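Report on the structure given below.
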Amino acid sequence: MIRTKAAALALSLLFPLAGADMPPATPGMQYVGLTPGGLRIVANSVPGPLGAAPTVLLIGGLNGNDASAATVTDEARRFSRTTRSKRRYRLLSIPLANPAASKLIFPPAGTAYRDNAESNELWRWIGIQAPDFVIIVANEDFGLAEALSRNVVAGVGSIPAVRVAPALRTAAERGILRLVPADVRASGAHRELLRRTERSPRQVADELAQYYGHTFPDAIYINAIALIGQLRLGNVAEVRKLVEPYVDGTKDSLARPTSLHLAGHLIFAELAVRTADPRYLQLVRRVAELGFTPNGEMRESMPFHDEMSDSVFMAAPIVAKAGALTGENKYFDMAARHVAFMQKLVLRPDGLYRHSPLTDAAWGRGNAFPALGLALTLEAFPKTHPEYRHLLQAFQRHMARLAEFQLPESEGMWHEVIDEPASYAEFSATAMIATAMAMGVRNGWLDSRTYQPLVDNAWRGVVRRIGAEGVLMDVCESTNKQPSLDAYLHRAAILGNDPRGGAMALLFATEMAGLGK
């Protein structure tokens with residue numbers, strides 16, 4: 001029960017329903033996640049003293065909107081009113097961690113964030129925030145305090161935590177924060193995040209390269225991007241050996257063609273440039289010719305697009321690279337035509353891409369594919385071509401729109417659904433969008449003063465989510481076109497090794513390491 005009208009008003013303002021148009025503008029406010037019913041779980045941050053300081057997390061409302069929610073709200077408000085120089089730590093607070101009063105279990109079970117959504121969201125959010133001490137205000141915490149203290153939280157590290165019963169009087173009288181130890185030490189999770197963020201892009205690329213880019217069982221884009229990362233690291237001989245069965249005819253790279261196979265031929269385009277071996281060019285040209293009838297006329301679009309925004313990446317770059325390798329203008333014409341065709345299908349009036357005409361949902365990777373696809377296309381496109389200017393403007397407009405939805409500097413990520421600020425911070429889309437932005441800065445398509453900070457912020461967010469042995473946090477599962485926004489919001493978020501996420505992270509790391517050109 002909320003104890004005062006002021007506390008009730010504060011809480012009502014903190015928990016808007018999903019579907020608002022804009023991300024939060026309140027300083028220190030961020031979203032933890034979404035309940036299955038669409039309620040946003042909100043966290044707030046109050047900075048600590050200037051310089052390095054521990055982080056304390058205060059959690060209430062695990063059993064719904066009870067007295068603990070008001071207690072946490074009051075305690076955080078009082079802390080924010082203290083002089084900053086007198087604060088010993090930074091304070092994170094989640095007043096209403098479980099607004100729908102769902103059943104919780106810790107460590108969480110099921111597929112994140114589809115099953116036990118609130119449990120999984122809290123667990124992973126706490127892990128990536130890596131506080132040094134957690135206070136849980138609850139009569140029943142569903143084992144959260146013990147689970148945080150005894151487990152490697154979300155693959156990051158352990159976090160000391162205590163549970164305290166909700167205050168029977170006001171938080172001022174009870175003094176919940178006096179439970180914070182006088183000498184808060186860095187938690188295991190905090191130390192692990194420091195280790196992760198201290199790595200250079202080249203170190204991260206070398207680590208990822210141990211786990212991704214060593215097989216090529218099928219000529220699809222996931223495998224190809226990982227091998228391009230390996231090429232950038234100088235492992236040309238190994239890559240050539242892996243792709244040789246498709247070059248010598250032992251295997252047919254288009255035996256069962258899909259759009260994924262079109263982009264899978266990007267590895268052959270890269271090898272054609274690096275080795276001048278005509279066999280690679282032959283494979284690239286074979287794909288590009290799919291855009292033409294037997295009489296040589298351009299088709300309306302490249303095949304296999306399935307009306308999905310992915311196809312801007314899957315088809316346009318490989319056709320443009322065929323033009324760059326052969327000097328034949330028809331391939332540039334086809335690449336530009338395909339981009340225009342797809343934009344009529346999936347480019348929304350507000351500048352974001354819907355994933356398919358089935359719904360207006362601006363799925364994260366559904367925007368990352370056009371972002372990276374246009375960047376790769378532009379790199380191959382001659383500036384003298386009449387469509388170059390239109391492609392460049394399309395890329396610039398999309399980058400400007402995406403910039404509006406990047407999480408703040410401390411996070412740097414893009415959401416699993418770009419314009420739903422409580423959807424999870426998605427790994428692969430962030431790596432792809434940031435790679436496209438970095439390419440834009442490198443090639444002079446984007447203003448470095450505006451976009452390089454966004455790229456750097458994205459790198460900090462991504463590298464925090466790359467653990468040991470190639471383990472990644474929150475890579476959206478493989479996703480075909482979905483019938484509704486809700487379906488996109490409930491896509492599984494992978495925590496572990498993932499070939500797609502690993503390939504895109506390796507591409508991003510090599511770009512950040514200066515190996516992109």
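Chain labels A, B, ... are given in the sequence in which chains occur in the structure tokens; within each chain residues are numbered consecutively from 1, and ligands are likewise numbered from 1 in the order shown.
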
For segment 113-206 of chain A versus segment 92-106 of chain A, which residues have an atom no more than 12 Å away, and what is each residue's nearest atom pair and distance in Å rounded to one decimal, using only C-alpha atoms, chain-then-number order, as a Markdown table?
```
| residue | atom | partner | partner_atom | distance |
| --- | --- | --- | --- | --- |
| A:Asp115 | CA | A:Leu104 | CA | 10.6 |
| A:Asn116 | CA | A:Leu104 | CA | 6.9 |
| A:Ala117 | CA | A:Leu104 | CA | 8.8 |
| A:Glu118 | CA | A:Asn98 | CA | 6.6 |
| A:Ser119 | CA | A:Leu104 | CA | 5.5 |
| A:Asn120 | CA | A:Phe106 | CA | 8.4 |
| A:Glu121 | CA | A:Ala97 | CA | 9.7 |
| A:Leu122 | CA | A:Ala97 | CA | 7.6 |
| A:Trp123 | CA | A:Phe106 | CA | 7.8 |
| A:Arg124 | CA | A:Phe106 | CA | 11.2 |
| A:Trp125 | CA | A:Ile94 | CA | 11.0 |
| A:Ile126 | CA | A:Leu92 | CA | 10.0 |
| A:Gln129 | CA | A:Leu92 | CA | 9.2 |
| A:Ala130 | CA | A:Leu92 | CA | 10.7 |
| A:Pro131 | CA | A:Leu92 | CA | 8.3 |
| A:Asp132 | CA | A:Leu92 | CA | 10.8 |
| A:Phe133 | CA | A:Leu92 | CA | 10.3 |
| A:Val134 | CA | A:Leu92 | CA | 9.3 |
| A:Ile135 | CA | A:Ser93 | CA | 9.5 |
| A:Ile136 | CA | A:Ile94 | CA | 9.7 |
| A:Val137 | CA | A:Pro95 | CA | 9.3 |
| A:Ala138 | CA | A:Ala97 | CA | 11.0 |
| A:Glu140 | CA | A:Leu104 | CA | 10.3 |
| A:Asp141 | CA | A:Leu104 | CA | 8.5 |
| A:Phe142 | CA | A:Ile105 | CA | 5.8 |
| A:Gly143 | CA | A:Phe106 | CA | 5.7 |
| A:Leu144 | CA | A:Phe106 | CA | 5.4 |
| A:Ala145 | CA | A:Phe106 | CA | 8.9 |
| A:Glu146 | CA | A:Phe106 | CA | 8.7 |
| A:Ala147 | CA | A:Phe106 | CA | 6.1 |
| A:Leu148 | CA | A:Phe106 | CA | 8.4 |
| A:Ser149 | CA | A:Phe106 | CA | 11.3 |
| A:Arg150 | CA | A:Phe106 | CA | 11.1 |
| A:Asn151 | CA | A:Phe106 | CA | 10.0 |
| A:Val153 | CA | A:Phe106 | CA | 10.1 |
| A:Ala154 | CA | A:Phe106 | CA | 11.3 |
| A:Pro166 | CA | A:Pro95 | CA | 11.9 |
| A:Leu177 | CA | A:Ser93 | CA | 11.4 |
```

Strand (DSSP E) residues, from DSSP on the backbone, in segment 255-485 of chain A, as an MDAnalysis selection string = chainID A and resid 414:415 425:426 472:476

Gln406 of chain A: which residues within 12 Å, counting only C-alpha atoms, same-chain residues fewer than 3 positions away excluded, as a PyMOL selection string?
-> chain A and resi 22-24+364+399-403+409-421+425-426+429-430+433-434+451+453-458+461

Please identify all polymer residues within 8 Å of Leu472 of chain A, counting only C-alpha atoms, omitting same-chain residues fewer than 5 positions from it, and present them as an NGL selection string.
-> :A and (427 or 465-467 or 494-498 or 501-502)

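Computed from the coordinates, the atom CA of Ser484 of chain A to atom CA of Gln343 of chain A distance equals 19.9 Å.
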
Polymer residues at most 10 Å from His490 of chain A, only C-alpha atoms, same-chain spacing of 3 or more positions, as a PyMOL selection string | chain A and resi 34+36+111-115+117+416+423-424+476+485-487+493

Write the residues of the preceding selection, restricted to C-alpha atoms, as a PDB file, in the first residue's frame.
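again-v3.pdb, freshly written:
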```pdb
ATOM      1  CA  LEU A  34       8.935  -4.934 -19.951  1.00  0.00           C
ATOM      2  CA  PRO A  36       4.486  -9.545 -20.494  1.00  0.00           C
ATOM      3  CA  THR A 111      14.186 -18.510 -22.095  1.00  0.00           C
ATOM      4  CA  ALA A 112      14.898 -14.804 -21.646  1.00  0.00           C
ATOM      5  CA  TYR A 113      12.840 -12.757 -22.024  1.00  0.00           C
ATOM      6  CA  ARG A 114      10.029 -14.982 -23.136  1.00  0.00           C
ATOM      7  CA  ASP A 115       9.698 -17.037 -19.952  1.00  0.00           C
ATOM      8  CA  ALA A 117      10.265 -12.226 -18.061  1.00  0.00           C
ATOM      9  CA  GLU A 416      15.669  -4.945 -29.613  1.00  0.00           C
ATOM     10  CA  SER A 423      12.815  -3.528 -24.874  1.00  0.00           C
ATOM     11  CA  TYR A 424      16.147  -5.138 -24.151  1.00  0.00           C
ATOM     12  CA  CYS A 476      18.268 -11.734 -30.490  1.00  0.00           C
ATOM     13  CA  LEU A 485       4.999  -5.743 -32.296  1.00  0.00           C
ATOM     14  CA  ASP A 486       4.388  -8.039 -29.344  1.00  0.00           C
ATOM     15  CA  ALA A 487       5.946 -10.947 -31.230  1.00  0.00           C
ATOM     16  CA  ALA A 493      17.715 -13.100 -25.961  1.00  0.00           C
TER      17      ALA A 493
END
```

Enter the distance from atom CA of Asp248 of chain A to atom CA of Gly291 of chain A, in Å, rounded to one decimal.
-> 24.2 Å

Within segment 135-340 of chain A, find each residue whose DSSP state, derived from the backbone, is helix (DSSP H, G or I), and express the selection as a ChimeraX atom specification.
-> /A:144-150,171-174,176-179,188-197,201-209,221-232,236-247,259-264,266-275,278-291,311-314,316-326,329-340

Shell around Tyr388 of chain A at 12 Å using only C-alpha atoms, local window under 4 positions removed, as number ranges by chain = A: 320, 332-333, 335-337, 339, 374-375, 377-384, 392-395, 445

Write out as JSON lines a residue-level contact list of segment 241-270 of chain A versus segment 209-233 of chain A with cut-off 9 Å: for each qualifying residue the closest pair of atoms and the distance in Å to one decimal, counting only C-alpha atoms, rows sorted by chain and residue number upward.
```
{"residue": "A:Leu242", "atom": "CA", "partner": "A:Phe216", "partner_atom": "CA", "distance": 6.0}
{"residue": "A:Val243", "atom": "CA", "partner": "A:Phe216", "partner_atom": "CA", "distance": 6.6}
{"residue": "A:Tyr246", "atom": "CA", "partner": "A:Ala219", "partner_atom": "CA", "distance": 8.3}
{"residue": "A:Asp252", "atom": "CA", "partner": "A:Ala219", "partner_atom": "CA", "distance": 8.9}
{"residue": "A:Ser253", "atom": "CA", "partner": "A:Ala219", "partner_atom": "CA", "distance": 5.6}
{"residue": "A:Leu254", "atom": "CA", "partner": "A:Ala219", "partner_atom": "CA", "distance": 8.0}
{"residue": "A:Thr258", "atom": "CA", "partner": "A:Ile220", "partner_atom": "CA", "distance": 8.5}
{"residue": "A:Ser259", "atom": "CA", "partner": "A:Ile220", "partner_atom": "CA", "distance": 8.4}
{"residue": "A:Leu260", "atom": "CA", "partner": "A:Ile220", "partner_atom": "CA", "distance": 4.9}
{"residue": "A:His261", "atom": "CA", "partner": "A:Ile220", "partner_atom": "CA", "distance": 4.4}
{"residue": "A:Leu262", "atom": "CA", "partner": "A:Ile220", "partner_atom": "CA", "distance": 7.3}
{"residue": "A:Ala263", "atom": "CA", "partner": "A:Tyr221", "partner_atom": "CA", "distance": 4.9}
{"residue": "A:Gly264", "atom": "CA", "partner": "A:Tyr221", "partner_atom": "CA", "distance": 3.8}
{"residue": "A:His265", "atom": "CA", "partner": "A:Ala219", "partner_atom": "CA", "distance": 6.7}
{"residue": "A:Leu266", "atom": "CA", "partner": "A:Ala224", "partner_atom": "CA", "distance": 6.5}
{"residue": "A:Ile267", "atom": "CA", "partner": "A:Ala224", "partner_atom": "CA", "distance": 5.1}
{"residue": "A:Phe268", "atom": "CA", "partner": "A:Ala224", "partner_atom": "CA", "distance": 8.5}
{"residue": "A:Glu270", "atom": "CA", "partner": "A:Ile228", "partner_atom": "CA", "distance": 7.2}
```

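Candidate residues A:Lys517, A:His305, A:Lys321, A:Lys241 were compared for distance to Ala269 of chain A, and the nearest is A:Lys321, using only C-alpha atoms.
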
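Distance-wise, atom CA of Met334 of chain A and atom CA of Ile318 of chain A end up 10.6 Å apart.
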
Contacts of segment 166-215 of chain A with segment 157-160 of chain A up to 6 Å, shortest pair per row, only C-alpha atoms, as CSV:
```
residue,atom,partner,partner_atom,distance
A:Ser187,CA,A:Ile159,CA,5.3
A:Gly188,CA,A:Gly157,CA,4.8
A:Ala189,CA,A:Gly157,CA,3.7
```

A:Arg397, A:Arg274, A:Arg84, A:Arg178: which is nearest Ala237 of chain A, counting only C-alpha atoms?
-> A:Arg274

Neighbours of segment 280-288 of chain A within 6 Å (only C-alpha atoms; same-chain residues fewer than 6 positions away dropped), as an NGL selection string?
-> :A and (268 or 272 or 319 or 322)
